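Next comes my_file13.tsv, a file with TSV, C-alpha atoms.
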chain	number	residue	atom	x	y	z
A	1	MET	CA	0.00	0.00	0.00
A	2	GLN	CA	0.96	3.62	-0.50
A	3	GLU	CA	2.93	5.12	2.37
A	4	ARG	CA	1.89	8.35	3.99
A	5	GLY	CA	3.59	11.37	2.45
A	6	PHE	CA	4.81	14.29	4.52
A	7	THR	CA	6.70	17.54	4.24
A	8	LEU	CA	10.04	18.02	5.93
A	9	TRP	CA	10.42	21.76	6.21
A	10	PHE	CA	13.93	22.98	6.90
A	11	THR	CA	14.39	26.54	8.12
A	12	GLY	CA	17.50	28.42	9.13
A	13	LEU	CA	20.06	30.97	7.99
A	14	SER	CA	22.08	30.71	4.81
A	15	GLY	CA	25.01	28.35	5.30
A	16	ALA	CA	23.51	26.63	8.35
A	17	GLY	CA	23.42	23.32	6.49
A	18	LYS	CA	19.81	22.97	5.31
A	19	SER	CA	20.63	21.72	1.80
A	20	THR	CA	23.38	19.38	2.99
A	21	LEU	CA	21.03	17.78	5.51
A	22	ALA	CA	18.15	17.72	3.01
A	23	ASN	CA	20.31	15.86	0.51
A	24	LEU	CA	21.62	13.31	2.99
A	25	VAL	CA	18.20	12.64	4.48
A	26	SER	CA	16.72	12.30	1.01
A	27	GLU	CA	19.41	9.77	0.00
A	28	GLU	CA	18.64	7.67	3.03
A	29	LEU	CA	14.87	7.85	2.50
A	30	ARG	CA	15.28	6.85	-1.15
A	31	ARG	CA	17.47	3.96	-0.07
A	32	ARG	CA	14.54	2.88	2.10
A	33	GLY	CA	12.24	2.96	-0.92
A	34	ARG	CA	10.51	6.30	-0.45
A	35	CYS	CA	9.80	8.83	-3.21
A	36	VAL	CA	11.46	12.12	-2.30
A	37	GLU	CA	11.56	15.59	-3.86
A	38	ILE	CA	13.77	18.39	-2.60
A	39	LEU	CA	12.49	21.89	-3.25
A	40	ASP	CA	15.65	23.82	-3.12
A	41	GLY	CA	15.61	27.61	-2.97
A	42	ASP	CA	17.50	28.19	-6.23
A	43	GLU	CA	15.63	25.62	-8.34
A	44	VAL	CA	12.33	26.99	-7.14
A	45	ARG	CA	13.31	30.57	-7.89
A	46	THR	CA	14.05	29.49	-11.47
A	47	ASN	CA	10.97	27.35	-12.02
A	48	LEU	CA	8.24	28.86	-9.89
A	49	SER	CA	9.29	32.31	-8.83
A	50	LYS	CA	11.27	33.98	-11.58
A	51	GLY	CA	10.94	37.72	-11.20
A	52	LEU	CA	10.40	37.64	-7.46
A	53	GLY	CA	12.93	39.50	-5.33
A	54	PHE	CA	13.77	39.46	-1.64
A	55	SER	CA	11.25	41.90	-0.20
A	56	LYS	CA	9.06	40.47	2.56
A	57	GLU	CA	6.16	40.20	0.15
A	58	ASP	CA	8.17	38.42	-2.54
A	59	ARG	CA	9.79	36.07	-0.02
A	60	ASP	CA	6.34	35.24	1.36
A	61	THR	CA	4.99	34.51	-2.12
A	62	ASN	CA	7.98	32.29	-2.88
A	63	ILE	CA	7.62	30.32	0.36
A	64	LYS	CA	3.88	29.90	-0.15
A	65	ARG	CA	4.49	28.52	-3.64
A	66	ILE	CA	6.98	26.02	-2.28
A	67	GLY	CA	4.37	25.12	0.34
A	68	TYR	CA	1.71	24.59	-2.33
A	69	VAL	CA	3.93	22.20	-4.27
A	70	CYS	CA	4.91	20.38	-1.06
A	71	LYS	CA	1.21	19.96	-0.32
A	72	LEU	CA	0.49	18.42	-3.74
A	73	LEU	CA	3.45	16.06	-3.39
A	74	SER	CA	2.98	14.97	0.18
A	75	ARG	CA	-0.74	14.27	-0.14
A	76	ASN	CA	0.21	11.81	-2.87
A	77	GLY	CA	2.60	9.77	-0.78
A	78	VAL	CA	5.80	11.66	-1.60
A	79	VAL	CA	8.26	13.01	0.98
A	80	ALA	CA	8.58	16.69	0.04
A	81	ILE	CA	11.61	18.47	1.46
A	82	SER	CA	11.92	22.24	1.46
A	83	ALA	CA	15.40	23.66	2.04
A	84	ALA	CA	14.67	27.37	1.64
A	85	ILE	CA	15.59	29.87	4.39
A	86	SER	CA	11.89	30.71	5.02
A	87	PRO	CA	12.61	33.47	7.52
A	88	TYR	CA	9.06	34.39	8.52
A	89	ARG	CA	7.19	32.41	11.15
A	90	GLU	CA	3.73	33.39	9.91
A	91	ILE	CA	4.30	31.95	6.44
A	92	ARG	CA	5.84	28.73	7.77
A	93	ASP	CA	2.78	28.37	10.00
A	94	TYR	CA	0.51	29.06	7.03
A	95	ASN	CA	2.22	26.24	5.14
A	96	ARG	CA	1.98	23.97	8.18
A	97	GLN	CA	-1.75	24.53	8.23
A	98	GLN	CA	-2.18	24.07	4.48
A	99	ILE	CA	-0.06	20.94	4.30
A	100	GLY	CA	-1.03	19.13	7.47
A	101	ASN	CA	1.69	16.47	7.44
A	102	PHE	CA	4.32	19.06	8.27
A	103	ILE	CA	7.55	18.56	10.18
A	104	GLU	CA	9.61	21.66	10.87
A	105	VAL	CA	13.36	21.23	11.17
A	106	TYR	CA	15.14	24.22	12.63
A	107	VAL	CA	18.82	24.23	11.67
A	108	GLU	CA	20.34	26.69	14.10
A	109	CYS	CA	23.80	28.19	13.94
A	110	SER	CA	24.94	31.54	15.32
A	111	ILE	CA	25.60	34.44	12.98
A	112	GLU	CA	29.09	34.66	14.48
A	113	GLU	CA	29.90	31.09	13.55
A	114	LEU	CA	28.31	31.38	10.09
A	115	THR	CA	30.28	34.57	9.43
A	116	ARG	CA	33.46	32.85	10.57
A	117	ARG	CA	32.86	29.86	8.26
A	118	ASP	CA	31.31	31.88	5.40
A	119	VAL	CA	31.47	28.95	3.00
A	120	LYS	CA	30.12	30.92	0.02
A	121	GLY	CA	31.63	34.28	1.01
A	122	LEU	CA	28.12	35.74	1.29
A	123	TYR	CA	28.32	36.98	4.89
A	124	LYS	CA	31.39	39.07	4.12
A	125	LYS	CA	29.58	40.67	1.19
A	126	ALA	CA	26.42	41.18	3.23
A	127	LEU	CA	28.35	42.80	6.08
A	128	ALA	CA	30.09	45.05	3.54
A	129	GLY	CA	26.64	46.09	2.30
A	130	GLU	CA	27.18	44.49	-1.11
A	131	ILE	CA	24.11	42.22	-0.73
A	132	GLN	CA	20.82	43.80	0.27
A	133	ASN	CA	18.13	42.01	2.29
A	134	PHE	CA	20.48	39.33	3.54
A	135	THR	CA	18.73	37.24	6.17
A	136	GLY	CA	20.36	37.56	9.58
A	137	ILE	CA	22.41	40.62	8.60
A	138	SER	CA	20.12	43.14	6.95
A	139	ASP	CA	16.86	41.18	6.91
A	140	PRO	CA	15.01	39.48	9.77
A	141	TYR	CA	15.00	35.81	10.68
A	142	GLU	CA	12.29	34.57	13.02
A	143	PRO	CA	13.25	31.25	14.62
A	144	PRO	CA	10.46	28.71	15.09
A	145	PRO	CA	9.31	28.56	18.72
A	146	LYS	CA	8.30	24.88	18.59
A	147	PRO	CA	9.95	23.04	15.71
A	148	GLU	CA	9.47	19.28	15.65
A	149	ILE	CA	13.22	18.91	15.28
A	150	ALA	CA	15.84	21.42	16.46
A	151	LEU	CA	19.45	20.98	15.44
A	152	ASP	CA	22.52	22.93	16.48
A	153	SER	CA	24.64	22.77	13.37
A	154	CYS	CA	27.45	24.78	15.01
A	155	ARG	CA	28.12	21.97	17.47
A	156	GLN	CA	26.42	18.88	16.05
A	157	SER	CA	28.06	16.87	13.29
A	158	VAL	CA	26.18	16.38	10.03
A	159	GLU	CA	25.96	12.65	10.76
A	160	ASP	CA	24.40	13.28	14.18
A	161	SER	CA	21.91	15.69	12.66
A	162	VAL	CA	20.86	13.19	10.00
A	163	ARG	CA	20.48	10.54	12.68
A	164	ALA	CA	18.37	12.91	14.78
A	165	ILE	CA	16.03	13.61	11.85
A	166	LEU	CA	15.64	9.94	10.90
A	167	GLY	CA	15.16	9.02	14.56
A	168	TYR	CA	12.36	11.56	14.91
A	169	LEU	CA	10.67	10.35	11.71
A	170	GLU	CA	10.81	6.76	12.93
A	171	ARG	CA	9.53	7.52	16.43
A	172	ALA	CA	6.71	9.68	15.09
A	173	GLY	CA	5.71	6.91	12.69
A	174	TRP	CA	6.40	8.77	9.43
A	175	ILE	CA	8.88	6.15	8.28
A	176	GLN	CA	9.40	2.59	9.36
A	177	ALA	CA	12.23	1.87	11.74
A	178	GLU	CA	14.87	-0.28	10.10
A	179	ALA	CA	15.18	-3.68	11.66
A	180	PRO	CA	18.66	-4.06	13.15
A	181	ALA	CA	20.93	-6.15	10.94
A	182	THR	CA	20.68	-9.79	11.95
A	183	VAL	CA	22.44	-12.92	10.81
A	184	ARG	CA	19.85	-15.32	9.44
A	185	PRO	CA	20.50	-19.02	9.79
A	186	ARG	CA	20.90	-20.68	6.39
A	187	SER	CA	18.08	-22.92	5.35
A	188	GLY	CA	18.76	-26.45	6.45
A	189	THR	CA	20.79	-25.47	9.50
A	190	ALA	CA	17.82	-24.69	11.73
B	1	MET	CA	5.40	-1.70	-6.53
B	2	GLN	CA	4.97	1.94	-7.43
B	3	GLU	CA	3.11	2.53	-10.67
B	4	ARG	CA	4.56	4.73	-13.38
B	5	GLY	CA	3.37	8.31	-13.15
B	6	PHE	CA	2.53	10.37	-16.19
B	7	THR	CA	1.14	13.73	-17.23
B	8	LEU	CA	-2.14	14.02	-19.06
B	9	TRP	CA	-1.98	17.39	-20.74
B	10	PHE	CA	-5.31	18.76	-21.96
B	11	THR	CA	-5.29	21.61	-24.42
B	12	GLY	CA	-8.12	23.41	-26.17
B	13	LEU	CA	-10.24	26.53	-26.15
B	14	SER	CA	-12.18	27.81	-23.17
B	15	GLY	CA	-15.43	25.89	-22.82
B	16	ALA	CA	-14.30	22.95	-24.96
B	17	GLY	CA	-14.63	20.59	-21.99
B	18	LYS	CA	-11.07	20.19	-20.64
B	19	SER	CA	-11.97	20.50	-16.96
B	20	THR	CA	-15.06	18.31	-17.25
B	21	LEU	CA	-13.03	15.55	-18.91
B	22	ALA	CA	-10.13	16.03	-16.49
B	23	ASN	CA	-12.46	15.58	-13.54
B	24	LEU	CA	-14.20	12.50	-14.92
B	25	VAL	CA	-10.94	10.82	-15.94
B	26	SER	CA	-9.43	11.62	-12.55
B	27	GLU	CA	-12.42	10.08	-10.75
B	28	GLU	CA	-12.06	6.89	-12.73
B	29	LEU	CA	-8.29	6.71	-12.20
B	30	ARG	CA	-8.72	7.24	-8.45
B	31	ARG	CA	-11.35	4.50	-8.43
B	32	ARG	CA	-8.68	2.28	-9.94
B	33	GLY	CA	-6.31	3.15	-7.10
B	34	ARG	CA	-4.13	5.78	-8.75
B	35	CYS	CA	-2.98	9.02	-7.14
B	36	VAL	CA	-4.15	11.93	-9.28
B	37	GLU	CA	-3.72	15.70	-9.13
B	38	ILE	CA	-5.53	18.12	-11.42
B	39	LEU	CA	-3.75	21.38	-12.09
B	40	ASP	CA	-6.60	23.56	-13.04
B	41	GLY	CA	-6.03	26.97	-14.58
B	42	ASP	CA	-7.71	28.98	-11.84
B	43	GLU	CA	-6.18	27.17	-8.88
B	44	VAL	CA	-2.74	27.49	-10.42
B	45	ARG	CA	-3.18	31.18	-11.09
B	46	THR	CA	-3.96	31.64	-7.39
B	47	ASN	CA	-1.21	29.45	-5.99
B	48	LEU	CA	1.64	29.63	-8.45
B	49	SER	CA	1.07	32.55	-10.77
B	50	LYS	CA	-0.56	35.39	-8.91
B	51	GLY	CA	0.27	38.64	-10.65
B	52	LEU	CA	0.71	37.09	-14.08
B	53	GLY	CA	-1.59	38.34	-16.82
B	54	PHE	CA	-2.52	37.04	-20.26
B	55	SER	CA	0.27	38.36	-22.45
B	56	LYS	CA	2.17	35.69	-24.38
B	57	GLU	CA	5.08	35.94	-21.96
B	58	ASP	CA	2.89	35.60	-18.87
B	59	ARG	CA	0.89	32.75	-20.36
B	60	ASP	CA	4.13	30.96	-21.22
B	61	THR	CA	5.45	31.41	-17.68
B	62	ASN	CA	2.19	30.10	-16.24
B	63	ILE	CA	2.19	27.03	-18.48
B	64	LYS	CA	5.85	26.28	-17.74
B	65	ARG	CA	5.14	26.43	-14.01
B	66	ILE	CA	2.28	23.99	-14.40
B	67	GLY	CA	4.65	21.81	-16.40
B	68	TYR	CA	7.28	21.94	-13.66
B	69	VAL	CA	4.79	20.80	-11.02
B	70	CYS	CA	3.48	18.06	-13.34
B	71	LYS	CA	7.06	16.87	-13.76
B	72	LEU	CA	7.64	16.65	-9.99
B	73	LEU	CA	4.37	14.79	-9.51
B	74	SER	CA	4.57	12.37	-12.39
B	75	ARG	CA	8.16	11.32	-11.73
B	76	ASN	CA	6.93	10.24	-8.30
B	77	GLY	CA	4.21	7.94	-9.54
B	78	VAL	CA	1.35	10.42	-9.57
B	79	VAL	CA	-0.95	11.05	-12.53
B	80	ALA	CA	-0.73	14.80	-13.06
B	81	ILE	CA	-3.50	16.34	-15.15
B	82	SER	CA	-3.27	19.83	-16.58
B	83	ALA	CA	-6.51	21.42	-17.74
B	84	ALA	CA	-5.25	24.86	-18.76
B	85	ILE	CA	-5.87	26.24	-22.28
B	86	SER	CA	-2.10	26.23	-23.05
B	87	PRO	CA	-2.50	27.92	-26.44
B	88	TYR	CA	1.12	27.88	-27.62
B	89	ARG	CA	2.62	24.80	-29.23
B	90	GLU	CA	6.21	25.67	-28.37
B	91	ILE	CA	5.53	25.74	-24.63
B	92	ARG	CA	3.51	22.53	-24.69
B	93	ASP	CA	6.41	20.90	-26.53
B	94	TYR	CA	8.84	22.32	-23.98
B	95	ASN	CA	6.81	20.70	-21.21
B	96	ARG	CA	6.63	17.45	-23.15
B	97	GLN	CA	10.41	17.39	-23.30
B	98	GLN	CA	10.87	18.33	-19.65
B	99	ILE	CA	8.33	15.85	-18.35
B	100	GLY	CA	8.93	12.85	-20.60
B	101	ASN	CA	5.85	10.83	-19.63
B	102	PHE	CA	3.61	13.26	-21.46
B	103	ILE	CA	0.28	12.55	-23.13
B	104	GLU	CA	-1.33	15.41	-25.00
B	105	VAL	CA	-5.11	15.46	-25.22
B	106	TYR	CA	-6.49	17.90	-27.75
B	107	VAL	CA	-10.09	18.81	-26.98
B	108	GLU	CA	-11.31	20.36	-30.20
B	109	CYS	CA	-14.50	22.29	-30.72
B	110	SER	CA	-15.19	25.01	-33.28
B	111	ILE	CA	-15.36	28.65	-32.24
B	112	GLU	CA	-18.83	28.78	-33.82
B	113	GLU	CA	-20.12	25.97	-31.62
B	114	LEU	CA	-18.41	27.33	-28.49
B	115	THR	CA	-19.89	30.77	-29.14
B	116	ARG	CA	-23.30	29.21	-29.63
B	117	ARG	CA	-23.07	27.28	-26.34
B	118	ASP	CA	-21.16	29.99	-24.44
B	119	VAL	CA	-21.67	28.25	-21.10
B	120	LYS	CA	-19.97	30.97	-19.06
B	121	GLY	CA	-21.00	33.90	-21.28
B	122	LEU	CA	-17.33	34.62	-22.01
B	123	TYR	CA	-17.46	34.42	-25.81
B	124	LYS	CA	-20.18	37.05	-25.96
B	125	LYS	CA	-18.07	39.37	-23.82
B	126	ALA	CA	-14.91	38.61	-25.81
B	127	LEU	CA	-16.68	39.28	-29.12
B	128	ALA	CA	-17.99	42.55	-27.68
B	129	GLY	CA	-14.40	43.48	-26.81
B	130	GLU	CA	-15.07	43.38	-23.08
B	131	ILE	CA	-12.38	40.72	-22.46
B	132	GLN	CA	-8.93	41.31	-23.89
B	133	ASN	CA	-6.57	38.54	-24.99
B	134	PHE	CA	-9.32	35.94	-25.21
B	135	THR	CA	-7.96	32.78	-26.80
B	136	GLY	CA	-9.61	32.01	-30.13
B	137	ILE	CA	-11.17	35.47	-30.44
B	138	SER	CA	-8.49	38.08	-29.81
B	139	ASP	CA	-5.54	35.82	-28.93
B	140	PRO	CA	-4.05	32.92	-30.86
B	141	TYR	CA	-4.60	29.21	-30.32
B	142	GLU	CA	-2.16	26.81	-31.94
B	143	PRO	CA	-3.64	23.30	-32.20
B	144	PRO	CA	-1.25	20.40	-31.59
B	145	PRO	CA	-0.24	18.72	-34.87
B	146	LYS	CA	0.23	15.27	-33.32
B	147	PRO	CA	-1.60	14.90	-30.02
B	148	GLU	CA	-1.66	11.42	-28.52
B	149	ILE	CA	-5.42	11.78	-28.15
B	150	ALA	CA	-7.69	13.99	-30.27
B	151	LEU	CA	-11.29	14.52	-29.26
B	152	ASP	CA	-14.06	16.34	-31.05
B	153	SER	CA	-16.12	17.67	-28.18
B	154	CYS	CA	-18.64	19.30	-30.53
B	155	ARG	CA	-19.77	15.90	-31.74
B	156	GLN	CA	-18.50	13.35	-29.23
B	157	SER	CA	-20.36	12.79	-25.96
B	158	VAL	CA	-18.46	13.31	-22.70
B	159	GLU	CA	-18.81	9.59	-21.97
B	160	ASP	CA	-17.27	8.65	-25.32
B	161	SER	CA	-14.41	11.07	-24.76
B	162	VAL	CA	-13.66	9.64	-21.31
B	163	ARG	CA	-13.75	6.12	-22.79
B	164	ALA	CA	-11.37	7.21	-25.55
B	165	ILE	CA	-8.87	8.61	-23.04
B	166	LEU	CA	-8.99	5.57	-20.77
B	167	GLY	CA	-8.74	3.28	-23.79
B	168	TYR	CA	-5.62	5.05	-24.99
B	169	LEU	CA	-4.03	4.92	-21.53
B	170	GLU	CA	-4.73	1.20	-21.30
B	171	ARG	CA	-3.46	0.38	-24.80
B	172	ALA	CA	-0.31	2.45	-24.30
B	173	GLY	CA	0.34	0.69	-20.99
B	174	TRP	CA	0.03	3.71	-18.70
B	175	ILE	CA	-2.76	2.11	-16.74
B	176	GLN	CA	-3.83	-1.48	-16.39
B	177	ALA	CA	-6.80	-2.62	-18.40
B	178	GLU	CA	-9.67	-3.60	-16.17
B	179	ALA	CA	-10.50	-7.26	-16.37
B	180	PRO	CA	-14.03	-7.72	-17.69
B	181	ALA	CA	-16.48	-8.61	-14.94
B	182	THR	CA	-16.69	-12.37	-14.62
B	183	VAL	CA	-18.81	-14.65	-12.51
B	184	ARG	CA	-16.53	-16.79	-10.38
B	185	PRO	CA	-17.72	-20.25	-9.44
B	186	ARG	CA	-18.17	-20.58	-5.69
B	187	SER	CA	-15.60	-22.70	-3.96
B	188	GLY	CA	-16.80	-26.26	-3.75
B	189	THR	CA	-18.80	-26.15	-6.97
B	190	ALA	CA	-15.83	-26.61	-9.29
I'd like the structure from this file rewritten - as structure tokens, please.
Amino acid sequence: MQERGFTLWFTGLSGAGKSTLANLVSEELRRRGRCVEILDGDEVRTNLSKGLGFSKEDRDTNIKRIGYVCKLLSRNGVVAISAAISPYREIRDYNRQQIGNFIEVYVECSIEELTRRDVKGLYKKALAGEIQNFTGISDPYEPPPKPEIALDSCRQSVEDSVRAILGYLERAGWIQAEAPATVRPRSGTA
Amino acid sequence: MQERGFTLWFTGLSGAGKSTLANLVSEELRRRGRCVEILDGDEVRTNLSKGLGFSKEDRDTNIKRIGYVCKLLSRNGVVAISAAISPYREIRDYNRQQIGNFIEVYVECSIEELTRRDVKGLYKKALAGEIQNFTGISDPYEPPPKPEIALDSCRQSVEDSVRAILGYLERAGWIQAEAPATVRPRSGTA
């Protein structure tokens, strides 16, 4: 029978590790036979939201569109994963309500640490004023007060975070727990 | 095992019967256990394309967005059904290429007959110049040269059209043919 779809909604600052975690979790879920789609910020901006900018209104429209597509996917048995920053609480909550099967994953990391790492060099540019409306620097980020899963990506390893997500999904009954590996007796030896 | 998803892409003038057929086909496919999503013009304009108008560019963007969502759905086993006018051949062909599992259903009906019926009163308004960019009256419609399924909704009944679509899907292997109803002997009588 068809398994129950759901939406795994990552939220957090740029560079906190949303896409990395989304990709690793999706690999593992696919390995376990689930259908998975990642709605990644950039791909969505090309395919659904060309022309939208980074004002609050445009960000909200973009996040609602991602939510709409996640809804269509997850009500058809697919695991939909959003890895966009989604800075505003109200719009995440709107999507939660629209989608129903909604699991919020807050990937937290301090601005100080993200600026120190600055993997893509974006924080430097944002601090120099070269990027406008940069979440966490010149644009607000509203952390979720009650995410289903909260990760501290400054201190937690990627592996631990993936384990935490899968553990939650298993305990909450969204995915089946994997049976521990056992050695089966060969036929004839029993 | 998961069944193969596909996109059923209706195209045709306003009032030709795309939505009616899409709904009836979707009911029957759901009855047969398939997951189905209809991407209807109005719902999409609210959820994915707010702000877009009816210029060629905006229509193209709208139809590409529908195509993108159909792609995500159908590659995950869902039957995605688009019931938008989609007047331009080039964009339908673009979607065909992007999606792969693409079945084009041309719902043909003459302008004369549609104007005579004018179920929603739109043709009258369009002919009076009260609606701009109305496909078939003041905006172009490019019929598909080689649709997988061509229906003449002026002459064919809705039931016949639905049968034609399901028949095609069965013959082409997209859905399983239903076994004809048979009377099984009760156990013990054989």
Residues of chain A within 7 Å of chain B, counting only C-alpha atoms, what are they? List them as an mmCIF file with C-alpha atoms, in the frame of the given file.
data_model
loop_
_atom_site.group_PDB
_atom_site.id
_atom_site.type_symbol
_atom_site.label_atom_id
_atom_site.label_comp_id
_atom_site.auth_asym_id
_atom_site.auth_seq_id
_atom_site.Cartn_x
_atom_site.Cartn_y
_atom_site.Cartn_z
ATOM 1 C CA CYS A 35 9.800 8.830 -3.210
ATOM 2 C CA ASN A 47 10.970 27.350 -12.020
ATOM 3 C CA LEU A 48 8.240 28.860 -9.890
ATOM 4 C CA ARG A 65 4.490 28.520 -3.640
ATOM 5 C CA TYR A 68 1.710 24.590 -2.330
ATOM 6 C CA VAL A 69 3.930 22.200 -4.270
ATOM 7 C CA LEU A 73 3.450 16.060 -3.390
ATOM 8 C CA ASN A 76 0.210 11.810 -2.870
ATOM 9 C CA VAL A 78 5.800 11.660 -1.600
#
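Each of A:Ala16, A:Leu8, A:Ala80, A:Ala172 was checked against Glu108 (chain A) using all atoms listed in the file; the smallest atom-to-atom distance is that of A:Ala16.
What separates CA of Asp152 (chain B) from CA of Asn133 (chain B) is a distance of 24.2 Å.
Our summary of the geometry notes that CA of Asp139 (chain B) is positioned 18.5 Å from CA of Lys18 (chain B).
Counting all atoms listed in the file and comparing A:Arg59, A:Ser26, A:Lys71, A:Ile175, the residue that lies closest to Gly100 (chain A) is A:Lys71.
Of the residues under consideration (A:Ile85, A:Ala177, A:Leu169, A:Ala128), A:Ile85 shows the shortest atom-to-atom contact distance to Phe54 (chain A) when counting all atoms listed in the file.
When CA of Gln98 (chain B) is paired with CA of Gly173 (chain B), their separation reads 20.6 Å.
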Checklist line | Contacts of Gly17 (chain B) at 9 Å (all atoms listed in the file; same-chain gap of 3+ positions) as a ChimeraX atom specification | finding: /B:12-14,20-22,107-109,153,158
Next item on the list: Write out as a PyMOL selection string which residues come within 7 Å of Glu142 (chain B) when counting all atoms listed in the file, dropping same-chain ones fewer than 3 positions away.
Entry: chain B and resi 87-89
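When all atoms listed in the file are used to compute distances to Thr135 (chain B), the closest of the residues B:Leu52, B:Phe102, B:Ser157, B:Thr11 turns out to be B:Thr11.
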Item checked: Counting all atoms listed in the file, the residue of B:Ile63, B:Leu166, B:Cys154, B:Ala84 that sits nearest Glu113 (chain B) -> B:Cys154
Any idea what's packed within 8 Å of Ser19 (chain A), counting all atoms listed in the file, ignoring anything in its chain fewer than 4 positions away? Could you give it as a short mmCIF file (atom, residue, chain, number, x, y, z; two decimals) with C-alpha atoms, in the frame of the given file?
data_model
loop_
_atom_site.label_atom_id
_atom_site.label_comp_id
_atom_site.auth_asym_id
_atom_site.auth_seq_id
_atom_site.Cartn_x
_atom_site.Cartn_y
_atom_site.Cartn_z
CA ASN A 23 20.31 15.86 0.51
CA ASP A 40 15.65 23.82 -3.12
CA ALA A 83 15.40 23.66 2.04
#
Check: From the set B:Asp60, B:Gly15, B:Ile149, B:Ser82, which residue has the shortest atom-to-atom contact distance to Ile111 (chain B), counting only C-alpha atoms?
Finding: B:Gly15
